[in-house]
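Below you'll find the structure, written out as structure tokens, and then a few comments.
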Amino acid sequence: MAERASSASVTLAGRSALRRYSRHLLIPEVGLAGQERLASSRALVIGAGGLGSPALQYLAAAGVGRIGIVDDDTVDVTNLQRQTLFTTADVGSSKATVAARHLHALNPDIAIDAIAIRFDQSNARDLVRLYDLVLDCTDRFSTRYLINDACAIEGRPDVYASIFRFDGQVSVFGAGGPCYRCLYPSAPPAGTVPTCAEGGVLGVLAGIVGSFQAAEALKLLLGIGEPLRGRLLLIDALGARVREVRFERDRDCALCGDEPAIRDAVLEEDDEPLTGDVEEIAPERLDDALRDAVLLDVREPHEAVLGSVDGAIAMPATQLEARMHELDSARRYVVACRVGAKSLWAVRRLRDAGFTRLQHLRGGLLAYAAQRADFDFF
Amino acid sequence: MSARVRVVAFARVADLVGREAELPIAAGARVRDAWECLVARAPALGALAASTRTARNGRVVDFDEPLADGDELALLPPVGGG
Ligand SMILES: [Zn+2]
């Protein structure tokens, strides 16, 4: 039986392949025809990070015939808490290259394209067109919109997921359903939505959500089940609850609405937080500034373990209202947080309360640490 | 007896107002009114008004959607991490 099936196969040669996928062949919804279908499928995974790690591993293990990995980044030690595709020995190496090597070891029968470049508007449509579907595993909003737009224009499903702290989102955009812009018309104003680097993420959440994303991709490639089209799955790891909300095509959507304004995949740069009339100082000038100013650290108490500046006043943004009376409005303060978003809000709040001698540390303590090797901060 | 909605918040919004909350609403209240009531409790929420979507009883709606007693109102800020 197996021999006959094997000889009829165009892509799955020999008993060893059948043995490898035997647990798929036992599922009626997959079977030999489904496994053949996976073997002749192509998936593009954009971002080999927290979501990309599980997604790539399960797509490769499942026998998706060609997998593209787009990531221009290198492995950092802070990635290893959740990016299980990498080992400590990989720190400093190209993510796309290392991922390709590990996946090849996992499944030598599939083709893997290591694409160690930034996914941008110069390559977006050309890359997307080469694959049957795309998994959005990125960590920046501008790239998410570029993926959404390129996928819609090239007619490819965009299997989307995102994570923050304990919360994850998964959906399938396009493929006959509404798109990312129907749900979120444009990127949030810079500095209003914290990233994982800023707010953190439970490592295993990336595994849960990226695995869900891989399941959606495999279902679409196999043509089985009910994809998350027009549904946003909300995963709450802390409450151990999964909820979903439904959304429809927005007739005013700039991409797939009745009168679309977007006709090409163009990168909308993440703009810098609007500092307006707030006085900023560059991180390399902080030491000078602190000769006659005090650093006001508005990070939350639990962030102190990541490093602190000597002599700073710790006043978490969440306690600012209640504690600002402790500050002396005659003194000069440089207000800082981790990346410079919360601190901007704090400067405005203090100014509204009558403080006038305020400066804002651009880029936060992370930017300060980047140019001072002896400041232990991460 | 006043009308109430049950708020379920996610990600950044949950950090600011908690995961679940009961909120009294006035007759004729809309999603916007419930949102502004929460901004009064947590002013930092104001910066998320432009980007947060809301769902009433499991269906994504605009801020001018009317609310009724017993509704579940989900607050869905964008999530970008990966
Ligand atoms: Zn759309």
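In the structure tokens, chains take letters A, B, ... by order of appearance, with residues numbered from 1 within each chain and ligands from 1 in the order shown.
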Report as a Markdown table the residues of chain A within 9 Å of chain B, each with its shortest atom pair and distance in Å (one decimal), using only C-alpha atoms, ordered by chain and increasing residue number.
```
| residue | atom | partner | partner_atom | distance |
| --- | --- | --- | --- | --- |
| A:Gly47 | CA | B:Gly82 | CA | 7.8 |
| A:Ala48 | CA | B:Gly82 | CA | 8.9 |
| A:Gly49 | CA | B:Gly82 | CA | 6.5 |
| A:Gly50 | CA | B:Gly82 | CA | 5.6 |
| A:Leu51 | CA | B:Gly82 | CA | 5.4 |
| A:Gly52 | CA | B:Gly82 | CA | 7.8 |
| A:Asp136 | CA | B:Gly82 | CA | 8.6 |
| A:Cys137 | CA | B:Gly82 | CA | 5.4 |
| A:Thr138 | CA | B:Gly82 | CA | 5.2 |
| A:Asp139 | CA | B:Gly82 | CA | 4.4 |
| A:Arg140 | CA | B:Gly80 | CA | 5.8 |
| A:Phe141 | CA | B:Gly80 | CA | 5.9 |
| A:Arg144 | CA | B:Gly80 | CA | 8.2 |
| A:Ala161 | CA | B:Gly82 | CA | 7.5 |
| A:Ser162 | CA | B:Gly81 | CA | 5.2 |
| A:Ile163 | CA | B:Gly81 | CA | 4.8 |
| A:Phe164 | CA | B:Gly81 | CA | 5.7 |
| A:Arg165 | CA | B:Ala11 | CA | 7.3 |
| A:Phe166 | CA | B:Ala11 | CA | 7.5 |
| A:Asp167 | CA | B:Ala11 | CA | 5.7 |
| A:Gly168 | CA | B:Val79 | CA | 7.7 |
| A:Gln169 | CA | B:Val79 | CA | 7.4 |
| A:Leu183 | CA | B:Arg53 | CA | 7.5 |
| A:Tyr184 | CA | B:Ser51 | CA | 7.0 |
| A:Pro185 | CA | B:Ser51 | CA | 8.4 |
| A:Ser186 | CA | B:Ser51 | CA | 7.9 |
| A:Ala187 | CA | B:Ser51 | CA | 7.5 |
| A:Pro188 | CA | B:Ser51 | CA | 5.3 |
| A:Pro189 | CA | B:Ser51 | CA | 7.8 |
| A:Thr192 | CA | B:Ala47 | CA | 6.2 |
| A:Val193 | CA | B:Arg12 | CA | 7.1 |
| A:Pro194 | CA | B:Arg12 | CA | 7.6 |
| A:Thr195 | CA | B:Gly81 | CA | 5.5 |
| A:Cys196 | CA | B:Gly81 | CA | 5.4 |
| A:Ala197 | CA | B:Gly81 | CA | 8.5 |
| A:Val201 | CA | B:Gly81 | CA | 8.3 |
| A:Ala206 | CA | B:Gly82 | CA | 7.3 |
| A:Gly210 | CA | B:Gly82 | CA | 8.7 |
| A:Leu234 | CA | B:Phe10 | CA | 8.2 |
| A:Asp236 | CA | B:Phe10 | CA | 8.0 |
| A:Gly239 | CA | B:Arg19 | CA | 8.9 |
| A:Arg243 | CA | B:Gly58 | CA | 8.6 |
| A:Glu244 | CA | B:Gly58 | CA | 6.7 |
| A:Val245 | CA | B:Gly58 | CA | 4.5 |
| A:Arg246 | CA | B:Arg59 | CA | 4.8 |
| A:Phe247 | CA | B:Val60 | CA | 5.2 |
| A:Glu248 | CA | B:Val60 | CA | 8.0 |
| A:Thr318 | CA | B:Ala44 | CA | 9.0 |
| A:Trp345 | CA | B:Ala44 | CA | 8.1 |
```
Enumerate, in order of chain and increasing residue number, the residues of chain A with an atom no farther than 7 Å from ligand 1, each with its shortest atom pair and distance in Å to one decimal, counting only C-alpha atoms and all ligand atoms, as CSV.
```
residue,atom,partner,partner_atom_place_in_ligand_line,distance
A:Pro178,CA,ligand 1,1 (Zn),5.2
A:Cys179,CA,ligand 1,1 (Zn),4.0
A:Tyr180,CA,ligand 1,1 (Zn),6.1
A:Arg181,CA,ligand 1,1 (Zn),4.7
A:Cys182,CA,ligand 1,1 (Zn),3.9
A:Arg249,CA,ligand 1,1 (Zn),5.8
A:Asp250,CA,ligand 1,1 (Zn),5.9
A:Cys253,CA,ligand 1,1 (Zn),4.7
A:Ala254,CA,ligand 1,1 (Zn),6.6
A:Leu255,CA,ligand 1,1 (Zn),5.1
A:Cys256,CA,ligand 1,1 (Zn),4.1
A:Gly257,CA,ligand 1,1 (Zn),5.9
```
Contacts of Arg118 in chain A at 10 Å (only C-alpha atoms; same-chain gap of 3+ positions) as a PDB file with all heavy atoms, in the first residue's frame:
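After the write, out_21.pdb holds the following:
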```pdb
ATOM      1  N   ILE A  46       8.149  36.123   7.817  1.00  0.00           N
ATOM      2  CA  ILE A  46       8.849  37.403   7.950  1.00  0.00           C
ATOM      3  C   ILE A  46       9.070  37.676   9.434  1.00  0.00           C
ATOM      4  O   ILE A  46       8.115  37.876  10.187  1.00  0.00           O
ATOM      5  CB  ILE A  46       8.058  38.528   7.252  1.00  0.00           C
ATOM      6  CG1 ILE A  46       7.816  38.162   5.784  1.00  0.00           C
ATOM      7  CG2 ILE A  46       8.829  39.854   7.357  1.00  0.00           C
ATOM      8  CD1 ILE A  46       6.956  39.142   5.032  1.00  0.00           C
ATOM      9  N   GLY A  47      10.318  37.637   9.841  1.00  0.00           N
ATOM     10  CA  GLY A  47      10.684  37.798  11.246  1.00  0.00           C
ATOM     11  C   GLY A  47      10.992  36.451  11.882  1.00  0.00           C
ATOM     12  O   GLY A  47      10.099  35.634  12.092  1.00  0.00           O
ATOM     13  N   VAL A  70      12.747  35.684   6.249  1.00  0.00           N
ATOM     14  CA  VAL A  70      13.271  37.040   6.073  1.00  0.00           C
ATOM     15  C   VAL A  70      13.594  37.635   7.436  1.00  0.00           C
ATOM     16  O   VAL A  70      12.701  37.768   8.284  1.00  0.00           O
ATOM     17  CB  VAL A  70      12.245  37.962   5.364  1.00  0.00           C
ATOM     18  CG1 VAL A  70      12.890  39.315   5.048  1.00  0.00           C
ATOM     19  CG2 VAL A  70      11.721  37.321   4.099  1.00  0.00           C
ATOM     20  N   ASP A  71      14.842  37.966   7.662  1.00  0.00           N
ATOM     21  CA  ASP A  71      15.242  38.671   8.887  1.00  0.00           C
ATOM     22  C   ASP A  71      16.643  39.211   8.682  1.00  0.00           C
ATOM     23  O   ASP A  71      17.545  38.461   8.315  1.00  0.00           O
ATOM     24  CB  ASP A  71      15.191  37.732  10.106  1.00  0.00           C
ATOM     25  CG  ASP A  71      15.060  38.504  11.416  1.00  0.00           C
ATOM     26  OD1 ASP A  71      15.835  39.481  11.589  1.00  0.00           O
ATOM     27  OD2 ASP A  71      14.212  38.155  12.237  1.00  0.00           O
ATOM     28  N   ASP A  72      16.832  40.494   8.912  1.00  0.00           N
ATOM     29  CA  ASP A  72      18.158  41.089   8.698  1.00  0.00           C
ATOM     30  C   ASP A  72      18.934  41.228  10.002  1.00  0.00           C
ATOM     31  O   ASP A  72      20.010  41.796  10.028  1.00  0.00           O
ATOM     32  CB  ASP A  72      18.025  42.467   8.030  1.00  0.00           C
ATOM     33  CG  ASP A  72      17.400  43.499   8.950  1.00  0.00           C
ATOM     34  OD1 ASP A  72      16.658  43.101   9.878  1.00  0.00           O
ATOM     35  OD2 ASP A  72      17.646  44.705   8.758  1.00  0.00           O
ATOM     36  N   ASP A  73      18.364  40.672  11.082  1.00  0.00           N
ATOM     37  CA  ASP A  73      18.933  40.875  12.411  1.00  0.00           C
ATOM     38  C   ASP A  73      19.897  39.738  12.772  1.00  0.00           C
ATOM     39  O   ASP A  73      19.923  38.696  12.118  1.00  0.00           O
ATOM     40  CB  ASP A  73      17.792  40.927  13.422  1.00  0.00           C
ATOM     41  CG  ASP A  73      18.138  41.751  14.649  1.00  0.00           C
ATOM     42  OD1 ASP A  73      19.287  42.246  14.735  1.00  0.00           O
ATOM     43  OD2 ASP A  73      17.265  41.887  15.523  1.00  0.00           O
ATOM     44  N   ILE A 115      16.855  34.557   3.837  1.00  0.00           N
ATOM     45  CA  ILE A 115      16.847  35.873   3.199  1.00  0.00           C
ATOM     46  C   ILE A 115      17.210  36.903   4.267  1.00  0.00           C
ATOM     47  O   ILE A 115      16.351  37.432   4.966  1.00  0.00           O
ATOM     48  CB  ILE A 115      15.455  36.158   2.572  1.00  0.00           C
ATOM     49  CG1 ILE A 115      15.043  34.993   1.664  1.00  0.00           C
ATOM     50  CG2 ILE A 115      15.473  37.471   1.801  1.00  0.00           C
ATOM     51  CD1 ILE A 115      13.572  34.974   1.286  1.00  0.00           C
ATOM     52  N   GLN A 121       9.925  48.131   1.166  1.00  0.00           N
ATOM     53  CA  GLN A 121       9.072  48.299  -0.005  1.00  0.00           C
ATOM     54  C   GLN A 121       9.782  47.970  -1.309  1.00  0.00           C
ATOM     55  O   GLN A 121       9.134  47.731  -2.316  1.00  0.00           O
ATOM     56  CB  GLN A 121       8.480  49.702  -0.043  1.00  0.00           C
ATOM     57  CG  GLN A 121       9.506  50.804  -0.274  1.00  0.00           C
ATOM     58  CD  GLN A 121       8.832  52.155  -0.238  1.00  0.00           C
ATOM     59  OE1 GLN A 121       7.962  52.386   0.584  1.00  0.00           O
ATOM     60  NE2 GLN A 121       9.221  53.029  -1.147  1.00  0.00           N
ATOM     61  N   SER A 122      11.123  47.917  -1.282  1.00  0.00           N
ATOM     62  CA  SER A 122      11.849  47.592  -2.512  1.00  0.00           C
ATOM     63  C   SER A 122      11.740  46.105  -2.846  1.00  0.00           C
ATOM     64  O   SER A 122      11.938  45.702  -3.986  1.00  0.00           O
ATOM     65  CB  SER A 122      13.321  47.996  -2.379  1.00  0.00           C
ATOM     66  OG  SER A 122      13.990  47.096  -1.503  1.00  0.00           O
ATOM     67  N   ASN A 123      11.442  45.269  -1.832  1.00  0.00           N
ATOM     68  CA  ASN A 123      11.398  43.826  -2.097  1.00  0.00           C
ATOM     69  C   ASN A 123      10.070  43.178  -1.709  1.00  0.00           C
ATOM     70  O   ASN A 123       9.850  41.996  -1.995  1.00  0.00           O
ATOM     71  CB  ASN A 123      12.558  43.128  -1.352  1.00  0.00           C
ATOM     72  CG  ASN A 123      12.574  43.467   0.135  1.00  0.00           C
ATOM     73  OD1 ASN A 123      11.535  43.479   0.786  1.00  0.00           O
ATOM     74  ND2 ASN A 123      13.749  43.736   0.686  1.00  0.00           N
ATOM     75  N   ALA A 124       9.178  43.937  -1.047  1.00  0.00           N
ATOM     76  CA  ALA A 124       7.981  43.343  -0.437  1.00  0.00           C
ATOM     77  C   ALA A 124       7.145  42.534  -1.434  1.00  0.00           C
ATOM     78  O   ALA A 124       6.895  41.340  -1.228  1.00  0.00           O
ATOM     79  CB  ALA A 124       7.127  44.439   0.198  1.00  0.00           C
ATOM     80  N   THR A 143       6.226  47.505   9.396  1.00  0.00           N
ATOM     81  CA  THR A 143       6.411  46.289   8.592  1.00  0.00           C
ATOM     82  C   THR A 143       5.109  45.497   8.511  1.00  0.00           C
ATOM     83  O   THR A 143       4.797  44.904   7.479  1.00  0.00           O
ATOM     84  CB  THR A 143       7.540  45.419   9.174  1.00  0.00           C
ATOM     85  OG1 THR A 143       8.675  46.239   9.421  1.00  0.00           O
ATOM     86  CG2 THR A 143       7.929  44.320   8.215  1.00  0.00           C
TER      87      THR A 143
END
```
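Note that the spacing between CA of Ser41 in chain A and CA of Pro227 in chain A amounts to 17.2 Å.
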task = as a ChimeraX atom specification, please: all residues of range 206-279 of chain A that backbone DSSP puts in strand (DSSP E or B).
result = /A:229,231-236,241-246
Write out the residues from the selection above, keeping all heavy atoms, as a short mmCIF file (atom, residue, chain, number, x, y, z; two decimals), in the first residue's frame.
```
data_model
loop_
_atom_site.label_atom_id
_atom_site.label_comp_id
_atom_site.auth_asym_id
_atom_site.auth_seq_id
_atom_site.Cartn_x
_atom_site.Cartn_y
_atom_site.Cartn_z
N ARG A 229 -10.42 33.85 9.44
CA ARG A 229 -10.74 34.94 8.51
C ARG A 229 -11.86 35.79 9.12
O ARG A 229 -12.90 35.24 9.52
CB ARG A 229 -11.21 34.30 7.21
CG ARG A 229 -11.17 35.17 6.00
CD ARG A 229 -11.74 34.42 4.81
NE ARG A 229 -10.82 33.43 4.25
CZ ARG A 229 -11.12 32.14 4.04
NH1 ARG A 229 -12.30 31.65 4.37
NH2 ARG A 229 -10.24 31.34 3.51
N ARG A 231 -11.92 37.03 11.93
CA ARG A 231 -11.97 36.78 13.38
C ARG A 231 -10.61 37.12 13.97
O ARG A 231 -9.59 36.74 13.40
CB ARG A 231 -12.27 35.30 13.67
CG ARG A 231 -13.61 34.83 13.15
CD ARG A 231 -13.55 33.35 12.80
NE ARG A 231 -13.32 32.52 13.97
CZ ARG A 231 -12.89 31.26 13.92
NH1 ARG A 231 -12.61 30.69 12.76
NH2 ARG A 231 -12.73 30.57 15.03
N LEU A 232 -10.64 37.81 15.08
CA LEU A 232 -9.40 38.12 15.80
C LEU A 232 -9.40 37.29 17.06
O LEU A 232 -10.28 37.43 17.91
CB LEU A 232 -9.33 39.61 16.14
CG LEU A 232 -8.10 40.07 16.93
CD1 LEU A 232 -6.83 39.97 16.08
CD2 LEU A 232 -8.28 41.50 17.43
N LEU A 233 -8.42 36.39 17.16
CA LEU A 233 -8.30 35.54 18.34
C LEU A 233 -7.47 36.28 19.39
O LEU A 233 -6.42 36.83 19.07
CB LEU A 233 -7.61 34.24 17.95
CG LEU A 233 -7.76 33.10 18.96
CD1 LEU A 233 -9.16 32.52 18.85
CD2 LEU A 233 -6.72 32.03 18.70
N LEU A 234 -7.96 36.29 20.63
CA LEU A 234 -7.29 37.02 21.71
C LEU A 234 -6.89 36.02 22.78
O LEU A 234 -7.74 35.40 23.41
CB LEU A 234 -8.25 38.07 22.29
CG LEU A 234 -8.75 39.08 21.26
CD1 LEU A 234 -10.09 39.67 21.67
CD2 LEU A 234 -7.72 40.18 21.05
N ILE A 235 -5.59 35.84 22.93
CA ILE A 235 -5.07 34.85 23.86
C ILE A 235 -4.57 35.56 25.11
O ILE A 235 -3.71 36.45 25.02
CB ILE A 235 -3.95 34.03 23.19
CG1 ILE A 235 -4.54 33.24 22.02
CG2 ILE A 235 -3.29 33.08 24.20
CD1 ILE A 235 -3.52 32.66 21.07
N ASP A 236 -5.12 35.20 26.25
CA ASP A 236 -4.76 35.81 27.54
C ASP A 236 -4.12 34.70 28.38
O ASP A 236 -4.81 33.89 28.98
CB ASP A 236 -6.05 36.37 28.17
CG ASP A 236 -5.97 36.53 29.68
OD1 ASP A 236 -4.87 36.57 30.24
OD2 ASP A 236 -7.06 36.64 30.31
N ARG A 241 -7.34 32.24 29.21
CA ARG A 241 -8.59 32.36 28.46
C ARG A 241 -8.29 32.71 27.01
O ARG A 241 -7.36 33.46 26.73
CB ARG A 241 -9.47 33.47 29.05
CG ARG A 241 -10.14 33.06 30.33
CD ARG A 241 -11.24 34.03 30.72
NE ARG A 241 -11.92 33.52 31.90
CZ ARG A 241 -11.48 33.70 33.14
NH1 ARG A 241 -10.38 34.39 33.36
NH2 ARG A 241 -12.13 33.20 34.16
N VAL A 242 -9.10 32.16 26.13
CA VAL A 242 -9.02 32.51 24.72
C VAL A 242 -10.38 33.05 24.31
O VAL A 242 -11.40 32.42 24.55
CB VAL A 242 -8.64 31.29 23.86
CG1 VAL A 242 -8.64 31.66 22.39
CG2 VAL A 242 -7.28 30.75 24.26
N ARG A 243 -10.38 34.25 23.76
CA ARG A 243 -11.64 34.85 23.31
C ARG A 243 -11.50 35.17 21.83
O ARG A 243 -10.40 35.15 21.28
CB ARG A 243 -11.92 36.13 24.09
CG ARG A 243 -12.02 35.96 25.61
CD ARG A 243 -12.09 37.33 26.25
NE ARG A 243 -12.30 37.32 27.69
CZ ARG A 243 -11.32 37.30 28.59
NH1 ARG A 243 -10.06 37.25 28.20
NH2 ARG A 243 -11.59 37.33 29.88
N GLU A 244 -12.59 35.50 21.17
CA GLU A 244 -12.47 35.97 19.80
C GLU A 244 -13.49 37.06 19.53
O GLU A 244 -14.55 37.10 20.17
CB GLU A 244 -12.62 34.83 18.78
CG GLU A 244 -14.05 34.40 18.53
CD GLU A 244 -14.17 33.47 17.33
OE1 GLU A 244 -13.60 32.37 17.38
OE2 GLU A 244 -14.85 33.83 16.36
N VAL A 245 -13.14 37.97 18.65
CA VAL A 245 -14.09 38.97 18.17
C VAL A 245 -14.14 38.89 16.66
O VAL A 245 -13.15 38.52 16.01
CB VAL A 245 -13.72 40.41 18.63
CG1 VAL A 245 -13.78 40.53 20.15
CG2 VAL A 245 -12.35 40.82 18.12
N ARG A 246 -15.31 39.22 16.12
CA ARG A 246 -15.48 39.18 14.67
C ARG A 246 -15.39 40.59 14.10
O ARG A 246 -15.80 41.55 14.74
CB ARG A 246 -16.84 38.56 14.32
CG ARG A 246 -16.91 37.10 14.73
CD ARG A 246 -18.20 36.43 14.30
NE ARG A 246 -18.09 35.00 14.56
CZ ARG A 246 -17.64 34.12 13.66
NH1 ARG A 246 -17.33 34.50 12.43
NH2 ARG A 246 -17.53 32.85 13.98
#
```
query = Can you list, as a PyMOL selection string, every residue of chain B that DSSP puts in alpha helix (DSSP H)?
reply = chain B and resi 11-17+31-41
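Atom to atom, CA of Val204 in chain A and CA of Ala100 in chain A stand 22.0 Å apart.
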request  = Grab the CA of Ile147 in chain A to CA of Leu220 in chain A distance for me, in Å with one decimal place.
outcome  = 17.5 Å
inquiry  = Can you tell me which residues surround Ala367 in chain A at a distance of at most 10 Å, considering only C-alpha atoms, apart from same-chain residues fewer than 6 positions away, and format the answer as a PyMOL selection string?
reply    = chain A and resi 282-284+338-340+361+377
Restricting it to all heavy atoms, dump the selection as a PDB file, in the first residue's frame.
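part04.pdb, freshly written:
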```
ATOM      1  N   ALA A 282      20.057  64.935  24.167  1.00  0.00           N
ATOM      2  CA  ALA A 282      20.578  63.711  23.560  1.00  0.00           C
ATOM      3  C   ALA A 282      21.255  62.873  24.645  1.00  0.00           C
ATOM      4  O   ALA A 282      21.800  63.423  25.604  1.00  0.00           O
ATOM      5  CB  ALA A 282      21.567  64.071  22.457  1.00  0.00           C
ATOM      6  N   PRO A 283      21.248  61.538  24.510  1.00  0.00           N
ATOM      7  CA  PRO A 283      21.827  60.678  25.543  1.00  0.00           C
ATOM      8  C   PRO A 283      23.292  61.002  25.849  1.00  0.00           C
ATOM      9  O   PRO A 283      23.705  60.932  27.006  1.00  0.00           O
ATOM     10  CB  PRO A 283      21.678  59.269  24.963  1.00  0.00           C
ATOM     11  CG  PRO A 283      21.010  59.394  23.651  1.00  0.00           C
ATOM     12  CD  PRO A 283      20.584  60.788  23.453  1.00  0.00           C
ATOM     13  N   GLU A 284      24.064  61.391  24.816  1.00  0.00           N
ATOM     14  CA  GLU A 284      25.489  61.669  25.068  1.00  0.00           C
ATOM     15  C   GLU A 284      25.689  62.952  25.880  1.00  0.00           C
ATOM     16  O   GLU A 284      26.773  63.224  26.361  1.00  0.00           O
ATOM     17  CB  GLU A 284      26.273  61.709  23.751  1.00  0.00           C
ATOM     18  CG  GLU A 284      25.778  62.676  22.706  1.00  0.00           C
ATOM     19  CD  GLU A 284      24.709  62.084  21.781  1.00  0.00           C
ATOM     20  OE1 GLU A 284      24.058  61.087  22.172  1.00  0.00           O
ATOM     21  OE2 GLU A 284      24.517  62.630  20.682  1.00  0.00           O
ATOM     22  N   ARG A 338      12.608  53.977  30.182  1.00  0.00           N
ATOM     23  CA  ARG A 338      13.435  52.983  29.487  1.00  0.00           C
ATOM     24  C   ARG A 338      13.747  53.391  28.052  1.00  0.00           C
ATOM     25  O   ARG A 338      14.892  53.356  27.623  1.00  0.00           O
ATOM     26  CB  ARG A 338      12.721  51.630  29.527  1.00  0.00           C
ATOM     27  CG  ARG A 338      13.471  50.493  28.874  1.00  0.00           C
ATOM     28  CD  ARG A 338      12.793  49.174  29.194  1.00  0.00           C
ATOM     29  NE  ARG A 338      13.315  48.107  28.386  1.00  0.00           N
ATOM     30  CZ  ARG A 338      14.500  47.513  28.606  1.00  0.00           C
ATOM     31  NH1 ARG A 338      15.248  47.911  29.595  1.00  0.00           N
ATOM     32  NH2 ARG A 338      14.905  46.533  27.825  1.00  0.00           N
ATOM     33  N   VAL A 339      12.702  53.765  27.290  1.00  0.00           N
ATOM     34  CA  VAL A 339      12.927  54.099  25.879  1.00  0.00           C
ATOM     35  C   VAL A 339      12.457  55.503  25.490  1.00  0.00           C
ATOM     36  O   VAL A 339      12.571  55.891  24.348  1.00  0.00           O
ATOM     37  CB  VAL A 339      12.244  53.078  24.937  1.00  0.00           C
ATOM     38  CG1 VAL A 339      12.883  51.709  25.094  1.00  0.00           C
ATOM     39  CG2 VAL A 339      10.751  53.014  25.185  1.00  0.00           C
ATOM     40  N   GLY A 340      11.913  56.249  26.440  1.00  0.00           N
ATOM     41  CA  GLY A 340      11.583  57.635  26.141  1.00  0.00           C
ATOM     42  C   GLY A 340      10.139  57.890  25.748  1.00  0.00           C
ATOM     43  O   GLY A 340       9.849  58.930  25.159  1.00  0.00           O
ATOM     44  N   LEU A 361      14.879  62.969  28.251  1.00  0.00           N
ATOM     45  CA  LEU A 361      16.009  62.191  27.728  1.00  0.00           C
ATOM     46  C   LEU A 361      15.553  61.424  26.483  1.00  0.00           C
ATOM     47  O   LEU A 361      14.773  60.467  26.573  1.00  0.00           O
ATOM     48  CB  LEU A 361      16.532  61.215  28.790  1.00  0.00           C
ATOM     49  CG  LEU A 361      17.688  60.305  28.335  1.00  0.00           C
ATOM     50  CD1 LEU A 361      18.919  61.119  27.939  1.00  0.00           C
ATOM     51  CD2 LEU A 361      18.031  59.291  29.416  1.00  0.00           C
ATOM     52  N   PHE A 377      23.247  48.339  31.931  1.00  0.00           N
ATOM     53  CA  PHE A 377      21.805  48.491  31.721  1.00  0.00           C
ATOM     54  C   PHE A 377      21.377  47.605  30.561  1.00  0.00           C
ATOM     55  O   PHE A 377      22.094  47.465  29.588  1.00  0.00           O
ATOM     56  CB  PHE A 377      21.504  49.965  31.382  1.00  0.00           C
ATOM     57  CG  PHE A 377      20.026  50.281  31.381  1.00  0.00           C
ATOM     58  CD1 PHE A 377      19.405  50.736  32.524  1.00  0.00           C
ATOM     59  CD2 PHE A 377      19.268  50.151  30.223  1.00  0.00           C
ATOM     60  CE1 PHE A 377      18.048  51.032  32.541  1.00  0.00           C
ATOM     61  CE2 PHE A 377      17.906  50.431  30.228  1.00  0.00           C
ATOM     62  CZ  PHE A 377      17.310  50.874  31.383  1.00  0.00           C
TER      63      PHE A 377
END
```
message = At a cut-off of 12 Å, using only C-alpha atoms, what residues contact Leu327 in chain A? Leave out same-chain residues fewer than 2 positions from it and give the result as number ranges by chain.
response = A: 294-296, 313-315, 320-325, 329-333, 350, 353-355, 357-358
key: Gly28 in chain B surroundings by only C-alpha atoms, 10 Å radius, close-in-sequence under 3 positions cut, as a VMD selection string   = chain B and resid 25 33 66 to 68
Take the residues from that selection and put them in a file with N, CA and C atoms, as a CSV table (one decimal), in the first residue's frame.
```csv
chain,number,residue,atom,x,y,z
B,25,ILE,N,-23.5,52.6,33.1
B,25,ILE,CA,-23.7,53.5,32.0
B,25,ILE,C,-25.1,54.2,32.1
B,33,ASP,N,-18.7,57.0,25.5
B,33,ASP,CA,-19.0,57.4,26.8
B,33,ASP,C,-18.3,56.5,27.8
B,66,PRO,N,-24.1,52.3,20.1
B,66,PRO,CA,-24.9,52.4,21.4
B,66,PRO,C,-24.6,51.2,22.3
B,67,LEU,N,-24.7,51.4,23.6
B,67,LEU,CA,-24.5,50.3,24.5
B,67,LEU,C,-25.8,50.0,25.2
B,68,ALA,N,-26.0,48.7,25.7
B,68,ALA,CA,-27.2,48.4,26.4
B,68,ALA,C,-26.8,47.6,27.7
```
request  = For Gln83 in chain A, list every protein, DNA or RNA residue within 7 Å, evaluated using only C-alpha atoms, and leave out those in the same chain fewer than 2 positions away; present the list as JSON, numbers by chain.
outcome  = {"A": [49, 50, 53, 79, 80, 81, 85, 86]}
